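The file query_30.pdb contains PDB, C-alpha atoms:
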```pdb
ATOM      1  CA  MET Y   1      13.633-203.933  25.475
ATOM      2  CA  ALA Y   2      15.811-205.453  22.771
ATOM      3  CA  PRO Y   3      15.184-209.082  21.790
ATOM      4  CA  PRO Y   4      17.629-211.482  23.504
ATOM      5  CA  ARG Y   5      20.518-212.894  21.495
ATOM      6  CA  SER Y   6      20.108-216.170  23.354
ATOM      7  CA  LEU Y   7      17.362-217.645  25.502
ATOM      8  CA  LEU Y   8      17.877-220.443  28.035
ATOM      9  CA  LEU Y   9      14.685-222.358  28.785
ATOM     10  CA  LEU Y  10      14.627-223.997  32.199
ATOM     11  CA  GLY Y  11      12.207-226.729  33.154
ATOM     12  CA  GLN Y  12      11.068-229.797  31.307
ATOM     13  CA  PRO Y  13       9.407-229.595  27.843
ATOM     14  CA  ASP Y  14       5.869-229.924  29.216
ATOM     15  CA  THR Y  15       6.306-226.409  30.671
ATOM     16  CA  TYR Y  16       7.460-224.805  27.417
ATOM     17  CA  ALA Y  17       4.041-223.900  26.022
ATOM     18  CA  ARG Y  18       3.255-221.785  29.057
ATOM     19  CA  THR Y  19       6.752-220.317  29.307
ATOM     20  CA  LEU Y  20       6.920-219.281  25.647
ATOM     21  CA  SER Y  21       3.431-217.780  25.791
ATOM     22  CA  TYR Y  22       4.908-214.883  27.771
ATOM     23  CA  PHE Y  23       7.002-213.820  24.753
ATOM     24  CA  PRO Y  24       5.644-212.419  21.486
ATOM     25  CA  PRO Y  25       6.856-214.778  18.720
ATOM     26  CA  GLU Y  26       8.680-211.969  16.913
ATOM     27  CA  PHE Y  27      10.548-211.082  20.136
ATOM     28  CA  ILE Y  28      12.406-214.405  20.264
ATOM     29  CA  ALA Y  29      12.270-215.345  16.581
ATOM     30  CA  HIS Y  30      15.981-214.655  16.057
ATOM     31  CA  SER Y  31      17.214-215.742  19.503
ATOM     32  CA  TRP Y  32      19.430-218.783  19.882
ATOM     33  CA  ARG Y  33      17.168-220.935  22.041
ATOM     34  CA  VAL Y  34      18.752-223.459  24.406
ATOM     35  CA  GLY Y  35      16.858-226.019  26.452
ATOM     36  CA  ASN Y  36      17.992-227.255  29.840
ATOM     37  CA  LEU Y  37      16.901-230.913  29.642
ATOM     38  CA  VAL Y  38      17.431-234.018  31.725
ATOM     39  CA  TRP Y  39      16.053-237.513  31.182
ATOM     40  CA  GLU Y  40      16.443-240.617  33.309
ATOM     41  CA  MET Y  41      15.535-243.478  30.944
ATOM     42  CA  PRO Y  42      17.510-244.849  27.960
ATOM     43  CA  TYR Y  43      15.174-243.536  25.259
ATOM     44  CA  CYS Y  44      13.885-240.162  24.089
ATOM     45  CA  PRO Y  45      10.167-239.438  24.645
ATOM     46  CA  LYS Y  46       8.316-239.202  21.323
ATOM     47  CA  GLU Y  47       6.359-236.211  22.630
ATOM     48  CA  TRP Y  48       9.619-234.221  22.781
ATOM     49  CA  LYS Y  49       9.935-234.232  18.978
ATOM     50  CA  PHE Y  50       8.418-230.726  18.836
ATOM     51  CA  LEU Y  51      11.613-229.411  20.467
ATOM     52  CA  GLU Y  52      13.363-229.562  17.102
ATOM     53  CA  ALA Y  53      11.118-226.684  15.988
ATOM     54  CA  VAL Y  54      11.585-224.724  19.223
ATOM     55  CA  LEU Y  55      15.242-225.154  20.226
ATOM     56  CA  HIS Y  56      18.584-224.780  18.506
ATOM     57  CA  SER Y  57      20.472-226.811  21.110
ATOM     58  CA  PHE Y  58      20.153-228.214  24.609
ATOM     59  CA  ARG Y  59      22.205-228.728  27.746
ATOM     60  CA  THR Y  60      21.979-231.792  29.939
ATOM     61  CA  PRO Y  61      23.901-232.804  33.086
ATOM     62  CA  SER Y  62      25.149-236.271  32.096
ATOM     63  CA  ARG Y  63      26.421-238.248  29.125
ATOM     64  CA  TYR Y  64      23.777-240.857  29.908
ATOM     65  CA  SER Y  65      20.999-238.272  29.586
ATOM     66  CA  ALA Y  66      22.597-236.807  26.452
ATOM     67  CA  THR Y  67      22.726-240.203  24.727
ATOM     68  CA  ALA Y  68      19.076-240.862  25.501
ATOM     69  CA  ILE Y  69      17.822-237.477  24.280
ATOM     70  CA  CYS Y  70      20.041-237.415  21.176
ATOM     71  CA  SER Y  71      18.630-240.803  20.146
ATOM     72  CA  GLY Y  72      15.396-239.011  19.290
ATOM     73  CA  LEU Y  73      16.295-235.380  18.628
ATOM     74  CA  GLY Y  74      18.580-233.882  15.997
ATOM     75  CA  LEU Y  75      19.815-230.994  18.135
ATOM     76  CA  GLN Y  76      23.243-229.824  19.222
ATOM     77  CA  CYS Y  77      24.031-230.991  22.748
ATOM     78  CA  GLU Y  78      26.327-229.811  25.526
ATOM     79  CA  VAL Y  79      26.909-231.966  28.615
ATOM     80  CA  THR Y  80      27.105-229.652  31.616
ATOM     81  CA  PRO Y  81      27.102-231.478  34.986
ATOM     82  CA  HIS Y  82      25.271-229.735  37.802
ATOM     83  CA  LYS Y  83      27.510-227.675  40.056
ATOM     84  CA  VAL Y  84      26.718-228.766  43.585
ATOM     85  CA  LYS Y  85      27.104-226.251  46.389
ATOM     86  CA  LEU Y  86      25.614-227.236  49.723
ATOM     87  CA  THR Y  87      23.765-224.707  51.844
ATOM     88  CA  ASP Y  88      25.163-224.118  55.330
ATOM     89  CA  PRO Y  89      23.374-226.575  57.666
ATOM     90  CA  SER Y  90      20.614-225.454  59.988
ATOM     91  CA  GLU Y  91      20.608-226.208  63.711
ATOM     92  CA  LEU Y  92      18.467-229.310  63.136
ATOM     93  CA  SER Y  93      19.856-231.991  65.461
ATOM     94  CA  ARG Y  94      19.733-235.729  65.882
ATOM     95  CA  ALA Y  95      17.638-235.280  69.017
ATOM     96  CA  GLN Y  96      15.042-233.272  67.059
ATOM     97  CA  MET Y  97      14.844-236.097  64.534
ATOM     98  CA  GLY Y  98      14.365-238.683  67.262
ATOM     99  CA  LEU Y  99      17.794-240.221  66.665
ATOM    100  CA  ARG Y 100      20.078-241.634  69.311
ATOM    101  CA  LYS Y 101      23.346-239.787  69.720
ATOM    102  CA  ASP Y 102      25.340-242.995  69.294
ATOM    103  CA  ALA Y 103      23.250-244.506  66.487
ATOM    104  CA  PHE Y 104      24.610-245.376  63.052
ATOM    105  CA  VAL Y 105      22.353-243.276  60.821
ATOM    106  CA  GLY Y 106      21.465-243.814  57.181
ATOM    107  CA  LEU Y 107      19.738-241.326  54.911
ATOM    108  CA  ALA Y 108      17.777-241.635  51.663
ATOM    109  CA  ILE Y 109      16.057-238.731  49.900
ATOM    110  CA  MET Y 110      13.566-239.462  47.146
ATOM    111  CA  ASP Y 111      10.778-237.746  45.236
ATOM    112  CA  LEU Y 112       7.994-240.317  44.911
ATOM    113  CA  ARG Y 113       5.415-238.053  43.288
ATOM    114  CA  SER Y 114       5.667-239.374  39.722
ATOM    115  CA  CYS Y 115       7.374-242.778  39.433
ATOM    116  CA  PRO Y 116       8.086-244.367  42.832
ATOM    117  CA  ALA Y 117       9.351-247.563  41.189
ATOM    118  CA  ARG Y 118      12.285-245.667  39.665
ATOM    119  CA  LYS Y 119      13.502-244.589  43.106
ATOM    120  CA  ASN Y 120      12.962-248.153  44.394
ATOM    121  CA  PRO Y 121      12.099-247.317  48.034
ATOM    122  CA  MET Y 122      11.435-250.891  49.114
ATOM    123  CA  ALA Y 123      14.992-251.889  48.181
ATOM    124  CA  HIS Y 124      16.290-249.316  50.673
ATOM    125  CA  ILE Y 125      14.112-250.790  53.423
ATOM    126  CA  ASN Y 126      15.089-254.351  52.498
ATOM    127  CA  ALA Y 127      18.804-253.506  52.504
ATOM    128  CA  TRP Y 128      18.573-251.850  55.923
ATOM    129  CA  LYS Y 129      16.579-254.705  57.445
ATOM    130  CA  SER Y 130      18.932-257.292  55.930
ATOM    131  CA  ALA Y 131      21.889-255.508  57.486
ATOM    132  CA  PHE Y 132      20.499-254.572  60.907
ATOM    133  CA  GLY Y 133      17.084-256.131  61.435
ATOM    134  CA  ASP Y 134      15.090-253.918  63.813
ATOM    135  CA  ASP Y 135      18.097-252.965  65.980
ATOM    136  CA  PRO Y 136      17.508-249.322  67.106
ATOM    137  CA  SER Y 137      21.265-248.737  67.188
ATOM    138  CA  PHE Y 138      21.022-248.472  63.394
ATOM    139  CA  GLN Y 139      18.464-245.932  62.194
ATOM    140  CA  LEU Y 140      17.451-245.077  58.629
ATOM    141  CA  LEU Y 141      15.779-241.801  57.649
ATOM    142  CA  ILE Y 142      13.815-241.765  54.392
ATOM    143  CA  LYS Y 143      12.867-238.253  53.270
ATOM    144  CA  ALA Y 144      10.099-238.663  50.688
ATOM    145  CA  GLN Y 145       7.349-236.763  48.878
ATOM    146  CA  PHE Y 146       4.094-238.302  47.675
ATOM    147  CA  THR Y 147       0.944-237.355  45.749
ATOM    148  CA  LYS Y 148      -2.515-238.916  45.738
ATOM    149  CA  THR Y 149      -1.481-241.198  42.877
ATOM    150  CA  THR Y 150       1.441-242.623  44.861
ATOM    151  CA  LEU Y 151      -0.221-243.183  48.242
ATOM    152  CA  LEU Y 152      -0.195-246.955  47.659
ATOM    153  CA  THR Y 153       3.600-246.788  47.730
ATOM    154  CA  ARG Y 154       3.437-244.789  50.958
ATOM    155  CA  GLY Y 155       1.199-247.423  52.518
ATOM    156  CA  SER Y 156       3.525-250.243  51.477
ATOM    157  CA  MET Y 157       6.484-248.402  52.969
ATOM    158  CA  LEU Y 158       4.722-247.688  56.258
ATOM    159  CA  ARG Y 159       3.871-251.365  56.672
ATOM    160  CA  ARG Y 160       7.541-252.313  56.309
ATOM    161  CA  LEU Y 161       9.309-249.594  58.291
ATOM    162  CA  GLY Y 162       9.856-251.252  61.676
ATOM    163  CA  ARG Y 163      11.242-249.434  64.683
ATOM    164  CA  ASN Y 164      14.565-248.338  63.192
ATOM    165  CA  ILE Y 165      13.342-246.792  59.915
ATOM    166  CA  GLN Y 166      11.642-243.395  59.913
ATOM    167  CA  LEU Y 167       9.675-241.803  57.068
ATOM    168  CA  ILE Y 168       9.993-238.003  56.900
ATOM    169  CA  GLU Y 169       7.294-236.263  54.862
ATOM    170  CA  GLY Y 170       7.288-232.684  56.107
ATOM    171  CA  ARG Y 171       8.789-229.800  54.171
ATOM    172  CA  LEU Y 172      12.443-229.152  54.968
ATOM    173  CA  THR Y 173      14.611-226.219  53.941
ATOM    174  CA  ASP Y 174      17.853-226.617  52.006
ATOM    175  CA  ALA Y 175      19.641-225.835  55.269
ATOM    176  CA  ASP Y 176      17.743-228.665  56.987
ATOM    177  CA  ILE Y 177      18.720-231.074  54.205
ATOM    178  CA  SER Y 178      22.359-230.062  54.722
ATOM    179  CA  ALA Y 179      21.888-230.786  58.424
ATOM    180  CA  LEU Y 180      20.553-234.255  57.569
ATOM    181  CA  PHE Y 181      23.690-234.940  55.529
ATOM    182  CA  ARG Y 182      25.811-233.741  58.460
ATOM    183  CA  MET Y 183      24.137-236.080  60.967
ATOM    184  CA  SER Y 184      24.220-239.133  58.657
ATOM    185  CA  ASP Y 185      26.830-241.872  58.502
ATOM    186  CA  VAL Y 186      25.786-243.274  55.117
ATOM    187  CA  TYR Y 187      23.630-242.216  52.180
ATOM    188  CA  LEU Y 188      21.613-244.732  50.151
ATOM    189  CA  SER Y 189      20.295-244.587  46.577
ATOM    190  CA  LEU Y 190      19.223-247.963  45.222
ATOM    191  CA  HIS Y 191      17.619-246.258  42.226
ATOM    192  CA  ARG Y 192      16.715-247.995  38.998
ATOM    193  CA  ALA Y 193      17.662-245.027  36.764
ATOM    194  CA  GLU Y 194      18.856-241.433  37.185
ATOM    195  CA  GLY Y 195      19.389-238.582  34.743
ATOM    196  CA  PHE Y 196      21.944-237.081  37.125
ATOM    197  CA  GLY Y 197      21.283-238.037  40.753
ATOM    198  CA  LEU Y 198      21.533-234.675  42.492
ATOM    199  CA  THR Y 199      21.178-235.925  46.073
ATOM    200  CA  ILE Y 200      23.806-238.603  45.419
ATOM    201  CA  LYS Y 201      26.220-235.914  44.278
ATOM    202  CA  GLU Y 202      25.296-233.721  47.256
ATOM    203  CA  ALA Y 203      25.953-236.551  49.704
ATOM    204  CA  LEU Y 204      29.326-237.235  48.125
ATOM    205  CA  GLU Y 205      30.231-233.537  48.219
ATOM    206  CA  ALA Y 206      29.215-233.486  51.893
ATOM    207  CA  GLY Y 207      31.680-236.302  52.562
ATOM    208  CA  VAL Y 208      29.017-238.872  53.436
ATOM    209  CA  PRO Y 209      29.838-242.487  52.489
ATOM    210  CA  THR Y 210      27.404-243.197  49.671
ATOM    211  CA  ILE Y 211      26.021-246.489  48.375
ATOM    212  CA  ALA Y 212      24.367-246.064  44.971
ATOM    213  CA  THR Y 213      23.393-248.207  42.012
ATOM    214  CA  ASN Y 214      26.286-248.201  39.562
ATOM    215  CA  TRP Y 215      24.145-247.514  36.506
ATOM    216  CA  SER Y 216      22.886-244.514  34.553
ATOM    217  CA  ALA Y 217      24.244-241.035  35.301
ATOM    218  CA  PRO Y 218      25.722-241.575  38.811
ATOM    219  CA  ALA Y 219      28.138-244.137  37.359
ATOM    220  CA  GLU Y 220      29.835-241.203  35.573
ATOM    221  CA  TYR Y 221      31.047-239.531  38.773
ATOM    222  CA  MET Y 222      30.992-242.030  41.657
ATOM    223  CA  ASN Y 223      34.491-243.299  40.921
ATOM    224  CA  ASP Y 224      35.789-239.761  41.559
ATOM    225  CA  TYR Y 225      35.127-240.223  45.294
ATOM    226  CA  ASP Y 226      36.913-242.566  47.689
ATOM    227  CA  HIS Y 227      33.820-242.720  49.885
ATOM    228  CA  ALA Y 228      31.487-243.841  47.061
ATOM    229  CA  PHE Y 229      30.385-247.473  46.997
ATOM    230  CA  PRO Y 230      29.048-248.364  43.531
ATOM    231  CA  LEU Y 231      26.440-251.065  43.898
ATOM    232  CA  PRO Y 232      26.170-254.054  41.530
ATOM    233  CA  TYR Y 233      22.903-254.556  39.685
ATOM    234  CA  ARG Y 234      21.172-256.620  37.035
ATOM    235  CA  MET Y 235      19.179-255.237  34.137
ATOM    236  CA  THR Y 236      15.474-256.061  34.344
ATOM    237  CA  PRO Y 237      12.443-255.272  32.166
ATOM    238  CA  TYR Y 238      10.705-252.045  33.076
ATOM    239  CA  ARG Y 239       7.754-252.663  35.402
ATOM    240  CA  ASP Y 240       5.708-249.829  36.881
ATOM    241  CA  MET Y 241       2.028-249.949  37.846
ATOM    242  CA  LEU Y 242       1.695-246.251  36.982
ATOM    243  CA  ARG Y 243       3.174-246.737  33.477
ATOM    244  CA  HIS Y 244       5.033-243.463  33.817
ATOM    245  CA  TYR Y 245       7.324-244.218  30.863
ATOM    246  CA  ARG Y 246       5.708-244.989  27.523
ATOM    247  CA  SER Y 247       8.184-246.868  25.384
ATOM    248  CA  GLU Y 248       8.311-250.561  24.577
ATOM    249  CA  GLY Y 249      11.155-252.908  25.426
ATOM    250  CA  LEU Y 250      12.563-250.765  28.247
ATOM    251  CA  TYR Y 251      15.057-252.054  30.782
ATOM    252  CA  TRP Y 252      16.413-250.513  33.962
ATOM    253  CA  ALA Y 253      18.694-251.556  36.818
ATOM    254  CA  GLU Y 254      17.715-253.649  39.809
ATOM    255  CA  ALA Y 255      20.194-252.916  42.588
ATOM    256  CA  ASP Y 256      21.572-255.818  44.633
ATOM    257  CA  PHE Y 257      20.169-254.976  48.061
ATOM    258  CA  VAL Y 258      21.984-257.949  49.622
ATOM    259  CA  ALA Y 259      25.299-256.468  48.465
ATOM    260  CA  ALA Y 260      24.120-253.125  49.877
ATOM    261  CA  ALA Y 261      23.489-254.813  53.231
ATOM    262  CA  VAL Y 262      27.044-256.198  53.258
ATOM    263  CA  ILE Y 263      28.484-252.735  52.600
ATOM    264  CA  LEU Y 264      26.247-251.243  55.295
ATOM    265  CA  LYS Y 265      27.493-253.715  57.893
ATOM    266  CA  THR Y 266      31.108-253.060  56.904
ATOM    267  CA  LEU Y 267      30.634-249.286  57.211
ATOM    268  CA  ALA Y 268      28.869-249.649  60.553
ATOM    269  CA  GLN Y 269      31.661-251.792  61.961
ATOM    270  CA  ALA Y 270      34.216-249.161  60.961
ATOM    271  CA  ASN Y 271      32.131-246.268  62.307
ATOM    272  CA  ASN Y 272      33.316-244.841  65.626
ATOM    273  CA  ARG Y 273      29.847-243.658  66.601
ATOM    274  CA  ALA Y 274      28.402-247.176  66.380
ATOM    275  CA  ASN Y 275      31.175-248.831  68.421
TER     276      ASN Y 275
END
```
In structure tokens, how does this file's structure come out?
Amino acid sequence: MAPPRSLLLLGQPDTYARTLSYFPPEFIAHSWRVGNLVWEMPYCPKEWKFLEAVLHSFRTPSRYSATAICSGLGLQCEVTPHKVKLTDPSELSRAQMGLRKDAFVGLAIMDLRSCPARKNPMAHINAWKSAFGDDPSFQLLIKAQFTKTTLLTRGSMLRRLGRNIQLIEGRLTDADISALFRMSDVYLSLHRAEGFGLTIKEALEAGVPTIATNWSAPAEYMNDYDHAFPLPYRMTPYRDMLRHYRSEGLYWAEADFVAAAVILKTLAQANNRAN
């Protein structure tokens, strides 16, 4: 097999050592090597410096991510936003999810396996409770993933859920996720930082009214949608008990969950299903 003229490396840099071990060095020595990188915080990790010796250029899905990575790496960069194409929805129904047919349903999807504080799950719960209390006519689904290191976050969430907020932890297919978008009346992402915000983009493409923090990468595309509701925020010092990010003087966004509650009530009042 002839050596490739170009080589696109998927995955984050911590996977590169294993990935490149499958190729003899001479096989890719003259290939143009491109990394597919994304980063959610406004700095470039120092441990990525080795990429200058491995890559010729990189792609990233947002200008925000590009600015962060380029602040620490002298590589060519191409901003290539993710192309979002939703899978056809499964037959998953509201009844199967324990939802009332006439309920106003919110949805939040978050990966809480590495840095739960970045996804800010408690702000979602606080916004929903501020808007609707424990009224079962308004039901929030939070699809989340945890690991052993983030079980404290899971416990905190479970103690705050109430009777109109449901935590979904089981594995769902892409078709099931599409079905969740279809059955939802609003999508929430009160994140503190995003390198792209794939589920936010998916919700918008699915036509779901979407409330999301108007900072980091999602701020680049939310204004393209009439049903996007950019959420005000204030910049706050980075705080995270897991110390997932290792740079000094970091700031990220704290979404205004009270403003989110106001938008939620406005959307619910205008929603035919809830009236």
Carefully work through the PyMOL selection byres ((chain Y and resi 162) around 12) for this structure and note down the residues it includes, as a PyMOL selection string.
chain Y and resi 125-126+128-129+132-136+138-141+157-161+163-167
If the PyMOL selection byres ((chain Y and resi 56-62) around 12) were run on this exact file, what residues would it hold? Put them as a PyMOL selection string.
chain Y and resi 6-13+29-40+50-55+63-70+73-84+194-198+201+216-221
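Picked out by the PyMOL selection byres ((chain Y and resi 247) around 9) when it runs on this file: Y:Tyr43, Y:Cys44, Y:Pro45, Y:Lys46, Y:Tyr245, Y:Arg246, Y:Glu248, Y:Gly249, Y:Leu250.
If you measure from each of Y:Leu107, Y:Ile211, Y:Leu190, Y:Ala259 to Ala123 of chain Y using only C-alpha atoms, the closest one turns out to be Y:Leu190.
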If the box runs along x, y and z of the file and leaves 4 Å on each side of segment 57-67 of chain Y, what are its centre and edge lengths in Å, one decimal, as JSON?
```
{"center_x": 23.3, "center_y": -233.8, "center_z": 27.1, "size_x": 14.3, "size_y": 22.0, "size_z": 20.0}
```
Could you list, as number ranges by chain, every residue within 10 Å of Gly170 of chain Y, counting all atoms listed in the file and ignoring same-chain residues fewer than 6 positions away?
Y: 143-145
How would the residues just chosen look if you wrote them out with C-alpha atoms as a PDB file, in the coordinates of the input?
```
ATOM      1  CA  LYS Y 143      12.867-238.253  53.270  1.00  0.00           C
ATOM      2  CA  ALA Y 144      10.099-238.663  50.688  1.00  0.00           C
ATOM      3  CA  GLN Y 145       7.349-236.763  48.878  1.00  0.00           C
TER       4      GLN Y 145
END
```
Find the residues around Leu267 of chain Y up to 10 Å (all atoms listed in the file counted), leave out those fewer than 6 positions away in its own chain, and share them as a PyMOL selection string.
chain Y and resi 104+185-186+209+261+274
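The space separating atom CA of Met235 of chain Y from atom CA of Ala253 of chain Y comes to 4.6 Å.
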